[in-house]
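File shown here: query.pdb, holding PDB, C-alpha atoms.
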```
ATOM      1  CA  PHE A   1      -8.060   2.182 -11.929  1.00  0.00           C
ATOM      2  CA  THR A   2      -8.266  -1.590 -12.143  1.00  0.00           C
ATOM      3  CA  ALA A   3      -5.330  -1.739 -14.565  1.00  0.00           C
ATOM      4  CA  GLY A   4      -3.293   0.321 -12.108  1.00  0.00           C
ATOM      5  CA  MET A   5      -4.270  -1.934  -9.222  1.00  0.00           C
ATOM      6  CA  GLY A   6      -3.357  -4.972 -11.305  1.00  0.00           C
ATOM      7  CA  GLY A   7       0.048  -3.427 -12.018  1.00  0.00           C
ATOM      8  CA  VAL A   8       0.635  -2.723  -8.336  1.00  0.00           C
ATOM      9  CA  LEU A   9      -0.354  -6.270  -7.363  1.00  0.00           C
ATOM     10  CA  LEU A  10       1.841  -7.821 -10.065  1.00  0.00           C
ATOM     11  CA  THR A  11       4.768  -5.627  -9.049  1.00  0.00           C
ATOM     12  CA  SER A  12       4.368  -6.587  -5.409  1.00  0.00           C
ATOM     13  CA  GLN A  13       4.291 -10.257  -6.379  1.00  0.00           C
ATOM     14  CA  LEU A  14       7.297 -10.169  -8.719  1.00  0.00           C
ATOM     15  CA  GLY A  15       9.331  -7.490  -6.982  1.00  0.00           C
ATOM     16  CA  LEU A  16      10.273  -5.692 -10.222  1.00  0.00           C
ATOM     17  CA  VAL A  17       8.682  -3.933 -13.169  1.00  0.00           C
ATOM     18  CA  ASN A  18       9.422  -4.194 -16.865  1.00  0.00           C
ATOM     19  CA  GLY A  19       7.679  -2.235 -19.613  1.00  0.00           C
ATOM     20  CA  SER A  20       6.955  -5.357 -21.645  1.00  0.00           C
ATOM     21  CA  LEU A  21       5.668  -7.405 -18.735  1.00  0.00           C
ATOM     22  CA  GLY A  22       2.067  -7.753 -19.937  1.00  0.00           C
ATOM     23  CA  SER A  23       2.679  -8.172 -23.643  1.00  0.00           C
ATOM     24  CA  GLY A  24       0.976 -11.189 -25.128  1.00  0.00           C
ATOM     25  CA  VAL A  25      -1.892 -11.167 -22.649  1.00  0.00           C
ATOM     26  CA  GLU A  26      -4.321  -9.568 -25.119  1.00  0.00           C
ATOM     27  CA  LEU A  27      -5.510 -12.900 -26.522  1.00  0.00           C
ATOM     28  CA  GLN A  28      -6.273 -14.184 -23.044  1.00  0.00           C
ATOM     29  CA  VAL A  29      -8.184 -11.021 -22.160  1.00  0.00           C
ATOM     30  CA  ILE A  30     -10.302 -11.226 -25.306  1.00  0.00           C
ATOM     31  CA  ALA A  31     -10.949 -14.924 -24.644  1.00  0.00           C
ATOM     32  CA  VAL A  32     -12.067 -14.225 -21.074  1.00  0.00           C
ATOM     33  CA  VAL A  33     -14.420 -11.434 -22.113  1.00  0.00           C
ATOM     34  CA  VAL A  34     -15.991 -13.450 -24.947  1.00  0.00           C
ATOM     35  CA  LEU A  35     -16.292 -16.574 -22.788  1.00  0.00           C
ATOM     36  CA  GLY A  36     -17.885 -14.390 -20.121  1.00  0.00           C
ATOM     37  CA  GLY A  37     -20.759 -13.594 -22.444  1.00  0.00           C
ATOM     38  CA  THR A  38     -19.843 -10.243 -23.977  1.00  0.00           C
ATOM     39  CA  SER A  39     -20.450 -10.101 -27.715  1.00  0.00           C
ATOM     40  CA  LEU A  40     -17.727  -8.627 -29.901  1.00  0.00           C
ATOM     41  CA  THR A  41     -20.380  -7.021 -32.102  1.00  0.00           C
ATOM     42  CA  GLY A  42     -21.707  -4.895 -29.265  1.00  0.00           C
ATOM     43  CA  GLY A  43     -24.020  -5.374 -26.372  1.00  0.00           C
ATOM     44  CA  THR A  44     -23.504  -5.880 -22.701  1.00  0.00           C
ATOM     45  CA  GLY A  45     -21.800  -8.505 -20.622  1.00  0.00           C
ATOM     46  CA  ASN A  46     -21.903  -9.312 -16.970  1.00  0.00           C
ATOM     47  CA  VAL A  47     -19.247  -9.366 -14.302  1.00  0.00           C
ATOM     48  CA  VAL A  48     -20.202 -12.792 -12.958  1.00  0.00           C
ATOM     49  CA  GLY A  49     -19.798 -14.437 -16.370  1.00  0.00           C
ATOM     50  CA  THR A  50     -16.460 -12.721 -16.932  1.00  0.00           C
ATOM     51  CA  LEU A  51     -15.177 -13.828 -13.511  1.00  0.00           C
ATOM     52  CA  ALA A  52     -16.310 -17.393 -14.191  1.00  0.00           C
ATOM     53  CA  ALA A  53     -14.559 -17.331 -17.571  1.00  0.00           C
ATOM     54  CA  ALA A  54     -11.390 -15.946 -15.972  1.00  0.00           C
ATOM     55  CA  LEU A  55     -11.417 -18.762 -13.426  1.00  0.00           C
ATOM     56  CA  LEU A  56     -12.012 -21.336 -16.169  1.00  0.00           C
ATOM     57  CA  LEU A  57      -9.150 -20.001 -18.277  1.00  0.00           C
ATOM     58  CA  ALA A  58      -6.845 -19.858 -15.241  1.00  0.00           C
ATOM     59  CA  MET A  59      -7.661 -23.469 -14.373  1.00  0.00           C
ATOM     60  CA  ILE A  60      -7.006 -24.593 -17.949  1.00  0.00           C
ATOM     61  CA  SER A  61      -3.722 -22.681 -18.020  1.00  0.00           C
ATOM     62  CA  SER A  62      -2.637 -24.144 -14.681  1.00  0.00           C
ATOM     63  CA  ALA A  63      -3.535 -27.657 -15.782  1.00  0.00           C
ATOM     64  CA  LEU A  64      -1.547 -27.272 -18.994  1.00  0.00           C
ATOM     65  CA  ASN A  65       1.428 -25.960 -17.007  1.00  0.00           C
ATOM     66  CA  LEU A  66       1.232 -28.904 -14.598  1.00  0.00           C
ATOM     67  CA  LEU A  67       1.174 -31.299 -17.548  1.00  0.00           C
ATOM     68  CA  ASN A  68       4.322 -29.616 -18.960  1.00  0.00           C
ATOM     69  CA  ILE A  69       2.577 -28.695 -22.203  1.00  0.00           C
ATOM     70  CA  PRO A  70       4.739 -26.293 -24.278  1.00  0.00           C
ATOM     71  CA  SER A  71       3.591 -22.678 -24.346  1.00  0.00           C
ATOM     72  CA  TYR A  72       2.880 -22.863 -28.082  1.00  0.00           C
ATOM     73  CA  TYR A  73       0.171 -25.439 -27.471  1.00  0.00           C
ATOM     74  CA  GLN A  74      -1.170 -23.424 -24.534  1.00  0.00           C
ATOM     75  CA  TYR A  75      -1.731 -20.460 -26.844  1.00  0.00           C
ATOM     76  CA  LEU A  76      -3.295 -22.853 -29.332  1.00  0.00           C
ATOM     77  CA  ALA A  77      -5.691 -24.111 -26.650  1.00  0.00           C
ATOM     78  CA  VAL A  78      -6.705 -20.536 -25.792  1.00  0.00           C
ATOM     79  CA  GLY A  79      -7.244 -19.811 -29.491  1.00  0.00           C
ATOM     80  CA  VAL A  80      -9.413 -22.894 -29.963  1.00  0.00           C
ATOM     81  CA  LEU A  81     -11.420 -21.931 -26.885  1.00  0.00           C
ATOM     82  CA  LEU A  82     -11.845 -18.417 -28.286  1.00  0.00           C
ATOM     83  CA  ILE A  83     -13.035 -19.762 -31.650  1.00  0.00           C
ATOM     84  CA  PHE A  84     -15.500 -22.003 -29.819  1.00  0.00           C
ATOM     85  CA  ALA A  85     -16.838 -19.073 -27.787  1.00  0.00           C
ATOM     86  CA  LEU A  86     -17.163 -16.875 -30.878  1.00  0.00           C
ATOM     87  CA  SER A  87     -19.014 -19.690 -32.665  1.00  0.00           C
ATOM     88  CA  LEU A  88     -21.448 -19.999 -29.774  1.00  0.00           C
ATOM     89  CA  ASP A  89     -21.970 -16.236 -29.772  1.00  0.00           C
ATOM     90  CA  SER A  90     -22.642 -16.243 -33.502  1.00  0.00           C
ATOM     91  CA  ILE A  91     -25.135 -19.109 -33.197  1.00  0.00           C
ATOM     92  CA  ARG A  92     -26.858 -17.296 -30.332  1.00  0.00           C
ATOM     93  CA  ARG A  93     -27.172 -14.090 -32.384  1.00  0.00           C
ATOM     94  CA  VAL A  94     -28.648 -15.985 -35.355  1.00  0.00           C
ATOM     95  CA  PHE A  95     -31.098 -17.771 -33.072  1.00  0.00           C
ATOM     96  CA  LEU A  96     -32.186 -14.510 -31.409  1.00  0.00           C
ATOM     97  CA  ARG A  97     -32.555 -12.803 -34.793  1.00  0.00           C
ATOM     98  CA  GLN A  98     -34.783 -15.644 -36.006  1.00  0.00           C
ATOM     99  CA  MET A  99     -36.862 -15.477 -32.846  1.00  0.00           C
ATOM    100  CA  ILE A 100     -37.422 -11.728 -33.284  1.00  0.00           C
ATOM    101  CA  VAL A 101     -38.169 -11.876 -37.006  1.00  0.00           C
ATOM    102  CA  GLY A 102     -40.115 -15.130 -36.942  1.00  0.00           C
ATOM    103  CA  GLY A 103     -41.982 -14.585 -33.712  1.00  0.00           C
TER     104      GLY A 103
END
```

Please render this file's structure as structure tokens.
Amino acid sequence: FTAGMGGVLLTSQLGLVNGSLGSGVELQVIAVVVLGGTSLTGGTGNVVGTLAAALLLAMISSALNLLNIPSYYQYLAVGVLLIFALSLDSIRRVFLRQMIVGG
């Protein structure tokens, strides 16, 4: 339902539809979900964290566009942010595992 609503809103904004319109957005979606607090190894996330991560990523993307940074480096920035978020998630899982086993 939400994907359909997103398609309708994007179509109304652009005025046309192309089958390859959303290709390449997968990395950004994964980055938003991981930054929002959802672990890739399973578990639950929350909507508030995901919305905050989406706003953060949108602000970073807008800032890079305003600074006329080439799109290659914008994808690189999203990738670095994703690696950072995955590192934090991994550290959090190790810390929680030690707390459960050790405590």

Non-local contacts of Ala31 of chain A (8 Å; only C-alpha atoms; under 4 positions in same chain excluded) as a PyMOL selection string: chain A and resi 27+35+78-79+81-82+85

Residue nearest Ile60 of chain A among A:Leu21, A:Val47, A:Leu96, A:Val32 (counting only C-alpha atoms):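 Of A:Leu21, A:Val47, A:Leu96, A:Val32, the one nearest Ile60 of chain A is A:Val32, counting only C-alpha atoms.
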
Distance query segment 6-10 of chain A at most 10 Å, all atoms listed in the file, self and fewer than 5 positions along chain excluded, as a ChimeraX atom specification: /A:1,15-17,21-22

One-decimal distance in Å that lies between atom CA of Val48 of chain A and atom CA of Val33 of chain A: 10.9 Å

Shell around segment 43-45 of chain A at 12 Å using all atoms listed in the file, local window under 5 positions removed, as a count of residues only: 12

Selected residue, from A:Asn68, A:Met59, A:Ser39, A:Ala77, that lies nearest to Arg92 of chain A when counting all atoms listed in the file: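 Counting all atoms listed in the file, the residue closest to Arg92 of chain A is A:Ser39.
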
Mind dumping segment 5-30 of chain A from that block, keeping N, CA, C and O atoms, as a PDB file, in the first residue's frame?
```pdb
ATOM      1  N   MET A   5       1.220   4.184  -2.790  1.00  0.00           N
ATOM      2  CA  MET A   5       1.009   5.606  -2.487  1.00  0.00           C
ATOM      3  C   MET A   5       2.239   6.431  -2.857  1.00  0.00           C
ATOM      4  O   MET A   5       2.121   7.546  -3.363  1.00  0.00           O
ATOM      5  N   GLY A   6       3.419   5.870  -2.614  1.00  0.00           N
ATOM      6  CA  GLY A   6       4.645   6.562  -3.009  1.00  0.00           C
ATOM      7  C   GLY A   6       4.717   6.742  -4.513  1.00  0.00           C
ATOM      8  O   GLY A   6       5.140   7.785  -5.013  1.00  0.00           O
ATOM      9  N   GLY A   7       4.309   5.706  -5.264  1.00  0.00           N
ATOM     10  CA  GLY A   7       4.283   5.803  -6.722  1.00  0.00           C
ATOM     11  C   GLY A   7       3.305   6.849  -7.212  1.00  0.00           C
ATOM     12  O   GLY A   7       3.600   7.604  -8.144  1.00  0.00           O
ATOM     13  N   VAL A   8       2.143   6.912  -6.589  1.00  0.00           N
ATOM     14  CA  VAL A   8       1.141   7.916  -6.973  1.00  0.00           C
ATOM     15  C   VAL A   8       1.657   9.318  -6.678  1.00  0.00           C
ATOM     16  O   VAL A   8       1.520  10.240  -7.501  1.00  0.00           O
ATOM     17  N   LEU A   9       2.277   9.503  -5.504  1.00  0.00           N
ATOM     18  CA  LEU A   9       2.794  10.828  -5.159  1.00  0.00           C
ATOM     19  C   LEU A   9       3.941  11.243  -6.083  1.00  0.00           C
ATOM     20  O   LEU A   9       4.022  12.399  -6.507  1.00  0.00           O
ATOM     21  N   LEU A  10       4.824  10.308  -6.410  1.00  0.00           N
ATOM     22  CA  LEU A  10       5.935  10.627  -7.310  1.00  0.00           C
ATOM     23  C   LEU A  10       5.426  10.939  -8.707  1.00  0.00           C
ATOM     24  O   LEU A  10       5.917  11.863  -9.367  1.00  0.00           O
ATOM     25  N   THR A  11       4.427  10.191  -9.164  1.00  0.00           N
ATOM     26  CA  THR A  11       3.844  10.457 -10.475  1.00  0.00           C
ATOM     27  C   THR A  11       3.172  11.820 -10.519  1.00  0.00           C
ATOM     28  O   THR A  11       3.308  12.559 -11.490  1.00  0.00           O
ATOM     29  N   SER A  12       2.471  12.176  -9.450  1.00  0.00           N
ATOM     30  CA  SER A  12       1.816  13.478  -9.429  1.00  0.00           C
ATOM     31  C   SER A  12       2.833  14.611  -9.386  1.00  0.00           C
ATOM     32  O   SER A  12       2.594  15.692  -9.910  1.00  0.00           O
ATOM     33  N   GLN A  13       3.989  14.358  -8.779  1.00  0.00           N
ATOM     34  CA  GLN A  13       5.018  15.390  -8.720  1.00  0.00           C
ATOM     35  C   GLN A  13       5.741  15.546 -10.054  1.00  0.00           C
ATOM     36  O   GLN A  13       6.004  16.658 -10.500  1.00  0.00           O
ATOM     37  N   LEU A  14       6.053  14.421 -10.708  1.00  0.00           N
ATOM     38  CA  LEU A  14       6.818  14.471 -11.950  1.00  0.00           C
ATOM     39  C   LEU A  14       5.944  14.630 -13.189  1.00  0.00           C
ATOM     40  O   LEU A  14       6.396  15.144 -14.201  1.00  0.00           O
ATOM     41  N   GLY A  15       4.729  14.122 -13.121  1.00  0.00           N
ATOM     42  CA  GLY A  15       3.826  14.233 -14.257  1.00  0.00           C
ATOM     43  C   GLY A  15       3.976  13.118 -15.273  1.00  0.00           C
ATOM     44  O   GLY A  15       3.305  13.124 -16.294  1.00  0.00           O
ATOM     45  N   LEU A  16       4.852  12.153 -15.046  1.00  0.00           N
ATOM     46  CA  LEU A  16       5.018  11.018 -15.951  1.00  0.00           C
ATOM     47  C   LEU A  16       5.542   9.827 -15.166  1.00  0.00           C
ATOM     48  O   LEU A  16       5.992   9.937 -14.044  1.00  0.00           O
ATOM     49  N   VAL A  17       5.452   8.657 -15.796  1.00  0.00           N
ATOM     50  CA  VAL A  17       5.897   7.429 -15.141  1.00  0.00           C
ATOM     51  C   VAL A  17       6.820   6.678 -16.087  1.00  0.00           C
ATOM     52  O   VAL A  17       6.575   6.602 -17.282  1.00  0.00           O
ATOM     53  N   ASN A  18       7.884   6.140 -15.529  1.00  0.00           N
ATOM     54  CA  ASN A  18       8.813   5.310 -16.272  1.00  0.00           C
ATOM     55  C   ASN A  18       9.066   4.059 -15.439  1.00  0.00           C
ATOM     56  O   ASN A  18       9.158   4.134 -14.215  1.00  0.00           O
ATOM     57  N   GLY A  19       9.210   2.919 -16.056  1.00  0.00           N
ATOM     58  CA  GLY A  19       9.403   1.678 -15.330  1.00  0.00           C
ATOM     59  C   GLY A  19      10.690   1.609 -14.548  1.00  0.00           C
ATOM     60  O   GLY A  19      10.797   0.875 -13.578  1.00  0.00           O
ATOM     61  N   SER A  20      11.693   2.360 -14.942  1.00  0.00           N
ATOM     62  CA  SER A  20      12.977   2.340 -14.241  1.00  0.00           C
ATOM     63  C   SER A  20      13.172   3.577 -13.370  1.00  0.00           C
ATOM     64  O   SER A  20      14.309   3.941 -13.063  1.00  0.00           O
ATOM     65  N   LEU A  21      12.099   4.169 -12.944  1.00  0.00           N
ATOM     66  CA  LEU A  21      12.179   5.426 -12.202  1.00  0.00           C
ATOM     67  C   LEU A  21      12.838   5.268 -10.839  1.00  0.00           C
ATOM     68  O   LEU A  21      13.620   6.094 -10.429  1.00  0.00           O
ATOM     69  N   GLY A  22      12.578   4.171 -10.136  1.00  0.00           N
ATOM     70  CA  GLY A  22      13.117   4.013  -8.788  1.00  0.00           C
ATOM     71  C   GLY A  22      14.354   3.151  -8.700  1.00  0.00           C
ATOM     72  O   GLY A  22      14.763   2.791  -7.603  1.00  0.00           O
ATOM     73  N   SER A  23      14.963   2.827  -9.834  1.00  0.00           N
ATOM     74  CA  SER A  23      16.142   1.967  -9.763  1.00  0.00           C
ATOM     75  C   SER A  23      17.312   2.740  -9.162  1.00  0.00           C
ATOM     76  O   SER A  23      17.506   3.917  -9.419  1.00  0.00           O
ATOM     77  N   GLY A  24      18.066   2.057  -8.336  1.00  0.00           N
ATOM     78  CA  GLY A  24      19.197   2.691  -7.676  1.00  0.00           C
ATOM     79  C   GLY A  24      18.877   3.250  -6.311  1.00  0.00           C
ATOM     80  O   GLY A  24      19.749   3.782  -5.633  1.00  0.00           O
ATOM     81  N   VAL A  25      17.642   3.113  -5.871  1.00  0.00           N
ATOM     82  CA  VAL A  25      17.227   3.659  -4.585  1.00  0.00           C
ATOM     83  C   VAL A  25      17.406   2.626  -3.470  1.00  0.00           C
ATOM     84  O   VAL A  25      17.305   2.950  -2.303  1.00  0.00           O
ATOM     85  N   GLU A  26      17.737   1.380  -3.847  1.00  0.00           N
ATOM     86  CA  GLU A  26      17.824   0.304  -2.870  1.00  0.00           C
ATOM     87  C   GLU A  26      18.862   0.592  -1.790  1.00  0.00           C
ATOM     88  O   GLU A  26      18.618   0.336  -0.604  1.00  0.00           O
ATOM     89  N   LEU A  27      20.013   1.121  -2.178  1.00  0.00           N
ATOM     90  CA  LEU A  27      21.058   1.425  -1.206  1.00  0.00           C
ATOM     91  C   LEU A  27      20.575   2.458  -0.197  1.00  0.00           C
ATOM     92  O   LEU A  27      20.829   2.332   1.002  1.00  0.00           O
ATOM     93  N   GLN A  28      19.866   3.457  -0.666  1.00  0.00           N
ATOM     94  CA  GLN A  28      19.351   4.479   0.239  1.00  0.00           C
ATOM     95  C   GLN A  28      18.316   3.903   1.194  1.00  0.00           C
ATOM     96  O   GLN A  28      18.284   4.257   2.378  1.00  0.00           O
ATOM     97  N   VAL A  29      17.476   3.003   0.702  1.00  0.00           N
ATOM     98  CA  VAL A  29      16.458   2.395   1.552  1.00  0.00           C
ATOM     99  C   VAL A  29      17.106   1.549   2.636  1.00  0.00           C
ATOM    100  O   VAL A  29      16.725   1.624   3.813  1.00  0.00           O
ATOM    101  N   ILE A  30      18.097   0.748   2.262  1.00  0.00           N
ATOM    102  CA  ILE A  30      18.792  -0.071   3.253  1.00  0.00           C
ATOM    103  C   ILE A  30      19.491   0.818   4.270  1.00  0.00           C
ATOM    104  O   ILE A  30      19.466   0.549   5.480  1.00  0.00           O
TER     105      ILE A  30
END
```
